[in-house]
Every structure is written in structure tokens, then in C-alpha cells.
file protein.csv (CSV, C-alpha atoms and all ligand atoms)
chain,number,residue,atom,x,y,z
A,1,MET,CA,22.8,-14.5,-16.2
A,2,ASP,CA,26.0,-12.5,-15.7
A,3,LYS,CA,25.7,-10.5,-12.5
A,4,GLN,CA,26.6,-7.3,-14.4
A,5,LYS,CA,23.8,-7.7,-16.8
A,6,LYS,CA,21.0,-8.1,-14.3
A,7,LYS,CA,18.4,-5.3,-14.4
A,8,ARG,CA,18.8,-3.1,-11.3
A,9,ILE,CA,15.8,-1.9,-9.4
A,10,LEU,CA,15.5,0.5,-6.4
A,11,ILE,CA,12.5,-0.2,-4.2
A,12,THR,CA,11.7,2.4,-1.5
A,13,GLY,CA,9.6,1.3,1.4
A,14,ALA,CA,11.3,-2.1,1.0
A,15,ALA,CA,10.7,-3.2,4.6
A,16,GLY,CA,7.0,-2.4,4.4
A,17,PHE,CA,4.0,-4.5,3.4
A,18,LEU,CA,3.9,-4.0,-0.3
A,19,GLY,CA,7.6,-3.0,-0.6
A,20,SER,CA,8.8,-6.3,0.8
A,21,HIS,CA,6.5,-8.4,-1.5
A,22,LEU,CA,7.8,-6.4,-4.4
A,23,CYS,CA,11.4,-7.2,-3.3
A,24,ASP,CA,10.5,-10.9,-3.3
A,25,ARG,CA,8.9,-10.6,-6.8
A,26,PHE,CA,11.8,-8.9,-8.4
A,27,ILE,CA,14.3,-11.2,-6.8
A,28,ALA,CA,12.3,-14.1,-8.2
A,29,GLU,CA,12.4,-12.4,-11.7
A,30,ASP,CA,16.3,-12.4,-11.4
A,31,PHE,CA,16.7,-8.6,-10.9
A,32,HIS,CA,19.4,-7.0,-8.7
A,33,VAL,CA,17.2,-5.4,-6.0
A,34,ILE,CA,18.3,-2.4,-3.9
A,35,GLY,CA,15.9,-1.9,-1.0
A,36,MET,CA,15.6,1.4,0.9
A,37,ASP,CA,13.6,2.2,4.0
A,38,ASN,CA,13.9,4.6,7.0
A,39,MET,CA,12.1,2.1,9.2
A,40,ILE,CA,9.5,4.5,10.5
A,41,THR,CA,6.7,2.0,9.7
A,42,GLY,CA,8.7,-0.8,8.1
A,43,ASP,CA,9.8,-4.1,9.8
A,44,LEU,CA,13.1,-5.8,8.9
A,45,ARG,CA,11.6,-9.2,9.5
A,46,ASN,CA,9.7,-8.7,6.2
A,47,ILE,CA,13.0,-8.8,4.3
A,48,GLU,CA,15.5,-10.6,6.5
A,49,HIS,CA,15.4,-13.7,4.3
A,50,LEU,CA,16.8,-11.5,1.5
A,51,PHE,CA,19.9,-10.2,3.2
A,52,LYS,CA,21.9,-13.4,2.5
A,53,LEU,CA,21.3,-13.1,-1.3
A,54,PRO,CA,24.0,-11.6,-3.5
A,55,ASN,CA,21.5,-9.8,-5.6
A,56,PHE,CA,19.9,-7.9,-2.7
A,57,GLU,CA,21.2,-4.9,-0.9
A,58,PHE,CA,19.6,-2.5,1.6
A,59,TYR,CA,20.1,1.1,2.5
A,60,HIS,CA,18.6,2.5,5.7
A,61,HIS,CA,17.7,6.0,4.4
A,62,ASP,CA,14.9,8.6,4.4
A,63,VAL,CA,14.0,9.4,0.8
A,64,SER,CA,12.8,12.8,1.9
A,65,LYS,CA,16.5,13.7,1.9
A,66,PHE,CA,18.8,13.6,-1.1
A,67,VAL,CA,19.0,10.0,-2.5
A,68,HIS,CA,22.3,8.6,-3.8
A,69,VAL,CA,22.5,5.2,-5.3
A,70,PRO,CA,25.8,4.2,-6.9
A,71,GLY,CA,25.8,2.5,-10.3
A,72,GLN,CA,23.2,2.0,-13.0
A,73,LEU,CA,19.5,1.8,-12.2
A,74,ASP,CA,16.9,0.5,-14.7
A,75,TYR,CA,13.8,0.9,-12.6
A,76,ILE,CA,12.6,2.7,-9.4
A,77,LEU,CA,9.5,1.8,-7.4
A,78,HIS,CA,8.6,4.5,-4.9
A,79,PHE,CA,6.6,2.6,-2.2
A,80,ALA,CA,7.9,4.5,0.9
A,81,SER,CA,5.0,6.1,2.9
A,82,PRO,CA,2.9,5.5,6.0
A,83,ALA,CA,-0.3,4.2,4.6
A,84,SER,CA,-2.7,3.8,7.5
A,85,PRO,CA,-5.0,6.6,8.8
A,86,VAL,CA,-3.6,6.0,12.3
A,87,ASP,CA,-0.1,6.6,11.0
A,88,TYR,CA,-1.1,9.8,9.2
A,89,LEU,CA,-2.2,11.2,12.6
A,90,ARG,CA,0.9,10.1,14.4
A,91,ILE,CA,3.4,11.2,11.8
A,92,PRO,CA,1.7,13.8,9.6
A,93,ILE,CA,4.7,15.8,8.5
A,94,GLN,CA,6.8,12.7,7.5
A,95,THR,CA,3.7,11.5,5.5
A,96,LEU,CA,3.6,14.8,3.6
A,97,LYS,CA,7.4,14.8,3.1
A,98,VAL,CA,7.8,11.3,1.7
A,99,GLY,CA,5.0,11.8,-0.8
A,100,SER,CA,6.2,15.2,-1.9
A,101,LEU,CA,10.0,15.8,-1.2
A,102,GLY,CA,10.7,12.0,-1.4
A,103,THR,CA,8.9,11.8,-4.8
A,104,HIS,CA,10.8,14.8,-6.1
A,105,ASN,CA,14.2,13.2,-5.1
A,106,LEU,CA,13.3,9.9,-6.7
A,107,LEU,CA,12.1,11.6,-9.9
A,108,GLY,CA,15.4,13.4,-10.0
A,109,LEU,CA,17.3,10.2,-9.4
A,110,ALA,CA,15.3,8.5,-12.2
A,111,LYS,CA,16.1,11.3,-14.6
A,112,SER,CA,19.9,11.2,-13.8
A,113,LYS,CA,20.0,7.4,-14.2
A,114,ARG,CA,17.6,7.3,-17.2
A,115,ALA,CA,15.5,4.8,-15.2
A,116,ARG,CA,11.8,4.1,-15.5
A,117,ILE,CA,10.0,5.1,-12.3
A,118,LEU,CA,6.6,3.8,-10.9
A,119,VAL,CA,5.1,5.7,-8.0
A,120,ALA,CA,2.6,4.2,-5.5
A,121,SER,CA,-0.5,6.4,-5.5
A,122,THR,CA,-3.8,5.5,-3.8
A,123,SER,CA,-7.5,5.4,-4.0
A,124,GLU,CA,-7.3,8.2,-1.4
A,125,VAL,CA,-6.8,10.6,-4.3
A,126,TYR,CA,-10.6,10.1,-4.8
A,127,GLY,CA,-11.2,11.2,-1.2
A,128,ASP,CA,-14.8,10.5,-0.1
A,129,PRO,CA,-16.0,9.8,-3.6
A,130,VAL,CA,-19.4,10.9,-4.9
A,131,VAL,CA,-19.3,8.5,-7.8
A,132,SER,CA,-18.9,4.8,-7.6
A,133,PRO,CA,-17.1,2.8,-8.8
A,134,GLN,CA,-14.2,5.2,-9.1
A,135,SER,CA,-12.6,5.3,-12.6
A,136,GLU,CA,-9.3,7.0,-13.3
A,137,GLU,CA,-11.1,9.9,-14.9
A,138,TYR,CA,-12.8,10.9,-11.6
A,139,TRP,CA,-11.0,13.8,-10.0
A,140,GLY,CA,-12.1,13.1,-6.4
A,141,ASN,CA,-13.6,14.8,-3.4
A,142,VAL,CA,-10.7,15.5,-1.0
A,143,ASN,CA,-10.6,17.7,2.1
A,144,PRO,CA,-7.1,19.1,2.0
A,145,VAL,CA,-7.1,20.2,5.7
A,146,GLY,CA,-8.7,17.1,7.3
A,147,PRO,CA,-6.7,14.4,9.1
A,148,ARG,CA,-6.4,12.4,5.9
A,149,GLY,CA,-5.3,15.5,3.9
A,150,VAL,CA,-1.6,14.9,4.7
A,151,TYR,CA,-1.7,11.6,2.8
A,152,ASP,CA,-4.2,12.5,0.2
A,153,GLU,CA,-2.7,15.7,-0.8
A,154,ALA,CA,0.9,14.4,-0.7
A,155,LYS,CA,-0.2,11.6,-3.1
A,156,ARG,CA,-2.1,14.1,-5.4
A,157,PHE,CA,1.1,16.2,-5.5
A,158,GLN,CA,3.1,13.1,-6.2
A,159,GLU,CA,0.9,12.4,-9.2
A,160,ALA,CA,1.1,16.0,-10.5
A,161,MET,CA,4.9,16.0,-10.0
A,162,THR,CA,5.3,12.6,-11.8
A,163,MET,CA,3.2,13.8,-14.8
A,164,ALA,CA,5.2,17.0,-14.9
A,165,TYR,CA,8.5,15.1,-15.1
A,166,HIS,CA,6.9,12.9,-17.7
A,167,ASN,CA,5.6,15.7,-19.9
A,168,PHE,CA,8.4,18.2,-19.3
A,169,HIS,CA,11.5,16.0,-19.1
A,170,GLY,CA,10.2,13.0,-21.1
A,171,LEU,CA,10.8,10.8,-18.1
A,172,ASP,CA,9.5,7.2,-18.3
A,173,THR,CA,6.9,7.1,-15.5
A,174,ARG,CA,4.0,4.9,-14.2
A,175,ILE,CA,1.4,5.7,-11.6
A,176,VAL,CA,-0.5,3.0,-9.8
A,177,ARG,CA,-3.6,3.9,-7.7
A,178,ILE,CA,-3.7,1.2,-5.1
A,179,PHE,CA,-7.0,0.4,-3.4
A,180,ASN,CA,-7.3,-1.4,0.0
A,181,THR,CA,-4.9,-4.3,-0.1
A,182,TYR,CA,-4.3,-6.9,2.6
A,183,GLY,CA,-2.4,-10.1,3.3
A,184,PRO,CA,0.7,-11.4,5.2
A,185,ARG,CA,3.1,-8.8,6.5
A,186,MET,CA,0.5,-6.1,6.9
A,187,ARG,CA,1.3,-4.7,10.4
A,188,LEU,CA,-0.9,-6.1,13.1
A,189,ASN,CA,-0.9,-2.8,14.8
A,190,ASP,CA,-1.3,-0.5,11.8
A,191,GLY,CA,-4.8,0.4,12.9
A,192,ARG,CA,-6.5,-0.5,9.7
A,193,ALA,CA,-9.8,-2.4,9.7
A,194,LEU,CA,-8.6,-5.8,8.6
A,195,PRO,CA,-5.6,-6.4,10.9
A,196,THR,CA,-7.4,-4.8,13.8
A,197,PHE,CA,-10.5,-7.0,13.3
A,198,ILE,CA,-8.4,-10.2,12.9
A,199,ALA,CA,-6.3,-9.3,16.0
A,200,GLN,CA,-9.4,-8.6,18.0
A,201,ALA,CA,-11.1,-11.8,16.9
A,202,LEU,CA,-8.0,-13.9,17.7
A,203,ARG,CA,-7.9,-12.3,21.2
A,204,GLY,CA,-11.6,-13.1,21.6
A,205,GLU,CA,-12.4,-9.4,22.0
A,206,ASP,CA,-15.2,-7.4,20.3
A,207,LEU,CA,-14.5,-5.9,16.9
A,208,THR,CA,-14.5,-2.1,16.9
A,209,VAL,CA,-16.6,-1.0,13.9
A,210,PHE,CA,-16.4,2.7,13.3
A,211,GLY,CA,-19.7,4.5,12.7
A,212,ASP,CA,-22.7,2.4,11.7
A,213,GLY,CA,-20.5,0.0,9.7
A,214,ASN,CA,-22.4,0.7,6.5
A,215,GLN,CA,-19.4,2.3,4.8
A,216,THR,CA,-18.0,0.1,2.1
A,217,ARG,CA,-14.5,-1.0,1.0
A,218,SER,CA,-13.2,-3.4,-1.6
A,219,PHE,CA,-10.3,-5.5,-0.5
A,220,CYS,CA,-7.6,-6.9,-2.8
A,221,TYR,CA,-5.3,-9.8,-1.8
A,222,VAL,CA,-1.6,-8.9,-1.9
A,223,SER,CA,-0.5,-11.4,-4.6
A,224,ASP,CA,-3.1,-9.9,-7.0
A,225,GLN,CA,-1.9,-6.3,-6.2
A,226,ILE,CA,1.8,-7.3,-6.8
A,227,GLU,CA,0.9,-8.9,-10.1
A,228,GLY,CA,-0.9,-5.7,-11.3
A,229,ILE,CA,2.0,-3.5,-10.3
A,230,PHE,CA,4.5,-5.8,-12.0
A,231,ARG,CA,2.5,-5.7,-15.2
A,232,LEU,CA,2.0,-1.9,-15.1
A,233,LEU,CA,5.7,-1.4,-14.6
A,234,LEU,CA,6.5,-3.4,-17.7
A,235,SER,CA,3.7,-1.8,-19.8
A,236,ASP,CA,4.0,1.4,-21.7
A,237,TYR,CA,1.0,3.1,-20.0
A,238,ALA,CA,2.0,6.4,-18.3
A,239,GLN,CA,-1.5,7.6,-17.1
A,240,PRO,CA,-2.7,6.7,-13.6
A,241,MET,CA,-4.1,3.1,-13.3
A,242,ASN,CA,-6.3,1.7,-10.6
A,243,ILE,CA,-5.3,-1.7,-9.2
A,244,GLY,CA,-7.7,-3.2,-6.7
A,245,ASN,CA,-10.4,-5.8,-6.2
A,246,PRO,CA,-14.0,-4.5,-7.1
A,247,ASP,CA,-15.6,-7.0,-4.7
A,248,GLU,CA,-17.2,-4.3,-2.5
A,249,LEU,CA,-18.7,-5.0,1.0
A,250,THR,CA,-19.7,-3.1,4.1
A,251,ILE,CA,-17.4,-3.0,7.1
A,252,ASN,CA,-20.1,-4.7,9.1
A,253,ASP,CA,-20.1,-7.6,6.6
A,254,MET,CA,-16.3,-7.7,6.7
A,255,ALA,CA,-16.3,-7.8,10.6
A,256,ASN,CA,-18.8,-10.7,10.5
A,257,GLU,CA,-16.8,-12.6,8.0
A,258,ILE,CA,-13.7,-12.4,10.1
A,259,ILE,CA,-15.6,-13.5,13.2
A,260,SER,CA,-17.0,-16.5,11.4
A,261,LEU,CA,-13.6,-17.4,9.8
A,262,THR,CA,-11.7,-17.3,13.0
A,263,GLY,CA,-14.5,-19.3,14.7
A,264,ASN,CA,-14.5,-17.0,17.7
A,265,GLN,CA,-17.5,-15.7,19.7
A,266,SER,CA,-16.7,-12.0,19.3
A,267,LYS,CA,-19.4,-9.4,18.8
A,268,ILE,CA,-19.4,-6.0,17.2
A,269,LEU,CA,-18.7,-2.9,19.3
A,270,TYR,CA,-19.8,0.3,17.5
A,271,VAL,CA,-17.5,3.3,18.2
A,272,PRO,CA,-17.4,6.8,16.7
A,273,LEU,CA,-16.6,7.3,13.0
A,274,PRO,CA,-13.3,9.1,12.4
A,275,ILE,CA,-13.5,12.5,10.6
A,276,ASP,CA,-13.7,12.3,6.7
A,277,ASP,CA,-13.9,8.5,6.6
A,278,PRO,CA,-14.9,7.7,3.0
A,279,LYS,CA,-18.4,6.3,2.7
A,280,GLN,CA,-17.7,4.1,-0.3
A,281,ARG,CA,-14.8,2.8,-2.2
A,282,ARG,CA,-14.7,0.5,-5.2
A,283,PRO,CA,-12.3,0.5,-8.1
A,284,ASP,CA,-13.2,0.5,-11.7
A,285,ILE,CA,-10.6,-1.8,-13.1
A,286,ARG,CA,-11.5,-1.9,-16.8
A,287,LYS,CA,-8.3,-0.1,-17.8
A,288,ALA,CA,-6.1,-2.7,-15.9
A,289,ASN,CA,-8.1,-5.4,-17.5
A,290,GLN,CA,-7.9,-4.1,-21.1
A,291,ILE,CA,-4.3,-2.8,-21.0
A,292,LEU,CA,-2.6,-5.2,-18.7
A,293,SER,CA,-4.9,-8.2,-19.1
A,294,TRP,CA,-5.1,-8.2,-15.4
A,295,LEU,CA,-7.9,-9.3,-13.1
A,296,PRO,CA,-7.7,-10.2,-9.4
A,297,ALA,CA,-7.7,-14.0,-8.9
A,298,VAL,CA,-7.8,-14.6,-5.2
A,299,ASN,CA,-11.3,-14.6,-3.6
A,300,ARG,CA,-11.8,-13.0,-0.2
A,301,LYS,CA,-12.3,-16.2,1.8
A,302,GLU,CA,-9.1,-17.6,0.5
A,303,GLY,CA,-7.2,-14.4,1.1
A,304,LEU,CA,-8.6,-13.9,4.6
A,305,LEU,CA,-7.7,-17.4,5.6
A,306,GLN,CA,-4.1,-16.9,4.4
A,307,THR,CA,-3.9,-13.7,6.4
A,308,ILE,CA,-5.4,-15.1,9.5
A,309,ASN,CA,-2.9,-18.0,9.4
A,310,TYR,CA,-0.1,-15.5,9.1
A,311,TYR,CA,-1.2,-13.5,12.2
A,312,LYS,CA,-1.6,-16.8,14.1
A,313,GLN,CA,2.0,-17.7,13.6
A,314,LEU,CA,3.4,-14.4,14.9
A,315,PRO,CA,5.0,-14.5,18.4
A,316,PRO,CA,2.0,-14.8,20.9
A,317,GLU,CA,3.2,-11.7,22.8
A,318,GLU,CA,2.7,-9.6,19.7
A,319,LEU,CA,-0.9,-10.6,19.4
A,320,LYS,CA,-1.5,-10.2,23.2
A,321,GLN,CA,-0.2,-6.7,23.2
A,322,LYS,CA,-3.1,-4.2,23.2
A,323,LYS,CA,-2.7,-2.2,20.1
A,324,PHE,CA,-3.0,1.4,19.3
A,325,THR,CA,-6.0,2.2,17.2
A,326,TYR,CA,-7.7,5.3,16.0
A,327,TYR,CA,-10.4,4.7,18.6
A,328,ASN,CA,-8.0,4.3,21.5
A,329,GLN,CA,-6.3,7.5,20.5
A,330,GLU,CA,-9.4,9.5,20.9
A,331,GLN,CA,-10.1,8.2,24.4
B,1,LIG,N1,-12.6,0.7,10.6
B,1,LIG,C1,-13.3,0.2,11.6
B,1,LIG,N2,-12.7,-0.3,12.7
B,1,LIG,C2,-11.3,-0.3,12.8
B,1,LIG,C3,-10.6,0.3,11.8
B,1,LIG,C4,-11.2,0.8,10.7
B,1,LIG,O1,-14.6,0.1,11.5
B,1,LIG,O2,-10.8,-0.7,13.9
B,1,LIG,C5,-13.3,1.2,9.4
B,1,LIG,C6,-12.8,2.7,8.9
B,1,LIG,O3,-13.6,3.6,9.6
B,1,LIG,C7,-13.1,2.6,7.4
B,1,LIG,C8,-12.9,1.1,7.1
B,1,LIG,O4,-12.9,0.4,8.3
B,1,LIG,O5,-14.4,2.9,7.2
B,1,LIG,C9,-11.5,0.9,6.4
B,1,LIG,O6,-10.6,1.5,7.2
B,1,LIG,P1,-9.0,1.4,7.1
B,1,LIG,O7,-8.4,2.1,8.2
B,1,LIG,O8,-8.7,-0.1,6.9
B,1,LIG,O9,-8.6,2.0,5.7
B,1,LIG,P2,-9.2,3.2,4.8
B,1,LIG,O10,-9.9,2.4,3.7
B,1,LIG,O11,-10.2,4.0,5.5
B,1,LIG,O12,-8.1,4.0,4.4

call {"tool": "encode", "arguments": {"input": "protein.csv", "output": "C-alpha cells"}}
result
Amino acid sequence: MDKQKKKRILITGAAGFLGSHLCDRFIAEDFHVIGMDNMITGDLRNIEHLFKLPNFEFYHHDVSKFVHVPGQLDYILHFASPASPVDYLRIPIQTLKVGSLGTHNLLGLAKSKRARILVASTSEVYGDPVVSPQSEEYWGNVNPVGPRGVYDEAKRFQEAMTMAYHNFHGLDTRIVRIFNTYGPRMRLNDGRALPTFIAQALRGEDLTVFGDGNQTRSFCYVSDQIEGIFRLLLSDYAQPMNIGNPDELTINDMANEIISLTGNQSKILYVPLPIDDPKQRRPDIRKANQILSWLPAVNRKEGLLQTINYYKQLPPEELKQKKFTYYNQEQ
């Protein structure tokens, strides 16, 4: 295809976990990809293989400030944001700004370029849900002033702002509510349960389960998540859509699975539960199934083995380094 005719897509958070996988996907689909990241939580190693390609460019920029991209844009994916509870505590103001001011800037950019924009929302908009599974119609149970409020409320504002641009300006918008997702390139030190448990098991340490470990989550492998997002972008569905894997389990069971898959002798160490930690989380994915013909395809064992292998091939000093967790921070 002629270079000029390639579809051009801006991906914010391009050096992050989901952002980098999206860059790969759209490069593979023969798009011209413009990555953007301010590198607060991103890692250039996730996209360094793309820098040599003629259809990839990268801007080091904070989308909370005015965003300028020369030339035509057909699509924008807004995936820039800290996404781990440990990060919200460390950088709460940036978390609020990227979801609110950053979204506003990108909606404005989409409007001026007449581009379609998809924003990354989250299951956190449901807060500590009192109904399960969570369907898109559920309005949530969020504490606006708790430690997670900076993320949850920024994302709720993001959804409101996106729908306002859609309804008032007729902008072509999509909203994906992403449930817990894991896989290669998720930061080993991001403090979330899965990378923390795998790192602890590989170091032969005990796994720090918060609270009694009976809280539940439902983990989606990254390739399934990317496929869902890709289909949603190309669909004509403008209402929020859940993408996640409904295979729910307790955090205790997850910890035990990781111990057995790594073959280590680690035990579980129970430590205090962080404030406002949701007790249950499971997506209702009937909409994604009906509208996008999408269902997750990778089972947990397969996904965990891929992820464990990825962490094993990181430089050994990275794994040895004692990582910052929620729990450490409270000590
Ligand atoms: N969790 C845990 N040990 C850890 C990190 C997290 O037991 O070292 C728990 C956490 O309290 C939560 C669940 O695992 O109930 C998932 O936490 P994560 O930070 O991965 O994401 P969340 O789904 O809470 O946003």
C-alpha cells in the first residue's frame, strides 16, 4: 500500500503494557502508528523493536498538556495512565490529570482531525461492586475520596466527557471498560497481584496476599484483551463496553496456582488489606460477545505460563531487586 494511504493512528501510553501491544497490533495491520508517552510508568524496551520501522514514530509527551500531531489522523487510542493501585498512591495528581485533562486534549484533537477516538476506561468505574457480574448498566459503588478515587473518578470523568463530545459534537467515540489484564510487558514492579506473586515465587519468597485472600478477580490474557479492543474500535458501538475474562477466582487460589506453576516452595504470607480494595470483580461480557462476536480464548494456565516465562527471561538483577509494593509502603 502507498505510504500516504496508510491509516494513521495515535496511541497514547505507547510504551506501557497495553499501549505497546496495541502498537504491535496496528503495525501488523499495516497502519502508520504514532506512539506517545511521557515515560512516567512506561518502558521504552516495550517498543524499541518498532523504532526501526518506517511506519512507526514516537513522541515523548505528556498528554495532560496540549497535544499537537502534524498531519491527518484517522484514529486515536487513549491508553496513557498509571493503572496500578501502587502508582495511584505514588502519583495521584498525574493520575487524575491524564484521565481528565489528557482526555479533554485528545477529544479536542480527535474533533479537529475528524478522527475516531477510543478511550481506555476500567472496571474500577464499578468501584467495590455490590452486584456481580458487573454489566455495563451497573453504575458502580465508588468512594471518590479514597486512595483509588484518583483513578476511578478520573476514569468516570473520562467516560462522561467522551459521551458529551459524542452527543454534543457528534464525535465518533468508543469506550472500553478493561478488567484485570495480564501478560508479557506488565511491569514486574507495578505492585499488582499477578506480577508481584510471580516475582515473589521466582525469588522463592512467600507471596503477600492482602486481607484474607477471599476477594475475587477475573484475569484476562493480554492477546484476548487486544483483540477485544481492536474489534470495538472497528465496530459502530459508542456505549461503554466491558472487555475481560469472566473466569473468576479468589486471590488465594491465584497465589496457589502461581506457586504450583513456578514449582517453588513458597507459602502465603497474609498482610493487611489496603483501603477500599474491591471484594469481587467479574465482567459480564454478553455485549462484547453479541456485538463484537468476541470471547476470550486463552485459558489461565496457558496465559500464566507465558507470563512466567516472560519474567524469567528478564535480566536477573531486575528480578532480584526488592520491589516496592503497597505493603512495603505502609511499613
Ligand atoms: N493483592 C495481593 N497481594 C499483592 C498485590 C495485590 O493480595 O501483593 C490483592 C489486592 O488486594 C486485590 C487483588 O490482589 O484484592 C488484585 O490487586 P491488583 O493490585 O492486582 O489490582 P486491582 O484489581 O485491585 O486493581

call {"tool": "residues_around", "arguments": {"input": "protein.csv", "residues": "Tyr88 of chain A", "least_positions_apart": "6", "cutoff": "9 Å", "atoms": "all atoms listed in the file", "output": "list of chain:residue names"}}
result
A:Pro82, A:Gln94, A:Thr95, A:Leu96, A:Pro147, A:Arg148, A:Gly149, A:Val150, A:Tyr151

call {"tool": "atom_distance", "arguments": {"input": "protein.csv", "atom1": "atom CA of Thr173 of chain A", "atom2": "atom CA of Ile117 of chain A"}}
result
4.9 Å

call {"tool": "atom_distance", "arguments": {"input": "protein.csv", "atom1": "atom CA of Gly99 of chain A", "atom2": "atom CA of Asp152 of chain A"}}
result
9.3 Å

call {"tool": "residues_around", "arguments": {"input": "protein.csv", "residues": "Ser121 of chain A", "least_positions_apart": "4", "cutoff": "6 Å", "atoms": "only C-alpha atoms", "output": "list in words"}}
result
Lys155, Val176 and Arg177 of chain A

call {"tool": "atom_distance", "arguments": {"input": "protein.csv", "atom1": "atom CA of Thr12 of chain A", "atom2": "atom CA of Phe66 of chain A"}}
result
13.3 Å

call {"tool": "closest_residue", "arguments": {"input": "protein.csv", "among": "A:Val145, A:Leu249, A:Met186, A:Ala110", "to": "Ile198 of chain A", "atoms": "only C-alpha atoms"}}
result
A:Met186

call {"tool": "closest_residue", "arguments": {"input": "protein.csv", "among": "A:Val125, A:Ile251, A:Leu10, A:Leu53", "to": "Ala28 of chain A", "atoms": "all atoms listed in the file"}}
result
A:Leu53

call {"tool": "residues_around", "arguments": {"input": "protein.csv", "residues": "Ile243 of chain A", "least_positions_apart": "2", "cutoff": "12 Å", "atoms": "only C-alpha atoms", "output": "PyMOL selection string"}}
result
chain A and resi 120-123+134-136+175-181+218-232+240-241+245-246+282-289+291-296

call {"tool": "write_last_selection", "arguments": {"input": "protein.csv", "atoms": "C-alpha atoms", "output": "CSV table (one decimal), keeping the file's coordinate frame"}}
result
chain,number,residue,atom,x,y,z
A,120,ALA,CA,2.6,4.2,-5.5
A,121,SER,CA,-0.5,6.4,-5.5
A,122,THR,CA,-3.8,5.5,-3.8
A,123,SER,CA,-7.5,5.4,-4.0
A,134,GLN,CA,-14.2,5.2,-9.1
A,135,SER,CA,-12.6,5.3,-12.6
A,136,GLU,CA,-9.3,7.0,-13.3
A,175,ILE,CA,1.4,5.7,-11.6
A,176,VAL,CA,-0.5,3.0,-9.8
A,177,ARG,CA,-3.6,3.9,-7.7
A,178,ILE,CA,-3.7,1.2,-5.1
A,179,PHE,CA,-7.0,0.4,-3.4
A,180,ASN,CA,-7.3,-1.4,0.0
A,181,THR,CA,-4.9,-4.3,-0.1
A,218,SER,CA,-13.2,-3.4,-1.6
A,219,PHE,CA,-10.3,-5.5,-0.5
A,220,CYS,CA,-7.6,-6.9,-2.8
A,221,TYR,CA,-5.3,-9.8,-1.8
A,222,VAL,CA,-1.6,-8.9,-1.9
A,223,SER,CA,-0.5,-11.4,-4.6
A,224,ASP,CA,-3.1,-9.9,-7.0
A,225,GLN,CA,-1.9,-6.3,-6.2
A,226,ILE,CA,1.8,-7.3,-6.8
A,227,GLU,CA,0.9,-8.9,-10.1
A,228,GLY,CA,-0.9,-5.7,-11.3
A,229,ILE,CA,2.0,-3.5,-10.3
A,230,PHE,CA,4.5,-5.8,-12.0
A,231,ARG,CA,2.5,-5.7,-15.2
A,232,LEU,CA,2.0,-1.9,-15.1
A,240,PRO,CA,-2.7,6.7,-13.6
A,241,MET,CA,-4.1,3.1,-13.3
A,245,ASN,CA,-10.4,-5.8,-6.2
A,246,PRO,CA,-14.0,-4.5,-7.1
A,282,ARG,CA,-14.7,0.5,-5.2
A,283,PRO,CA,-12.3,0.5,-8.1
A,284,ASP,CA,-13.2,0.5,-11.7
A,285,ILE,CA,-10.6,-1.8,-13.1
A,286,ARG,CA,-11.5,-1.9,-16.8
A,287,LYS,CA,-8.3,-0.1,-17.8
A,288,ALA,CA,-6.1,-2.7,-15.9
A,289,ASN,CA,-8.1,-5.4,-17.5
A,291,ILE,CA,-4.3,-2.8,-21.0
A,292,LEU,CA,-2.6,-5.2,-18.7
A,293,SER,CA,-4.9,-8.2,-19.1
A,294,TRP,CA,-5.1,-8.2,-15.4
A,295,LEU,CA,-7.9,-9.3,-13.1
A,296,PRO,CA,-7.7,-10.2,-9.4

call {"tool": "residues_near_ligand", "arguments": {"input": "protein.csv", "ligand": "ligand LIG 1 (chain B)", "cutoff": "8 Å", "atoms": "all atoms listed in the file", "output": "PyMOL selection string"}}
result
chain A and resi 83-86+124+179-180+191-194+196-197+207-211+213+215-217+251-252+270-271+273-274+277-279+281+325-327

call {"tool": "closest_residue", "arguments": {"input": "protein.csv", "among": "A:Asn264, A:Asp87, A:Ala14, A:Ile76", "to": "Phe56 of chain A", "atoms": "all atoms listed in the file"}}
result
A:Ala14

call {"tool": "closest_residue", "arguments": {"input": "protein.csv", "among": "A:Pro315, A:Pro70, A:Pro54, A:Gly108", "to": "Met161 of chain A", "atoms": "only C-alpha atoms"}}
result
A:Gly108
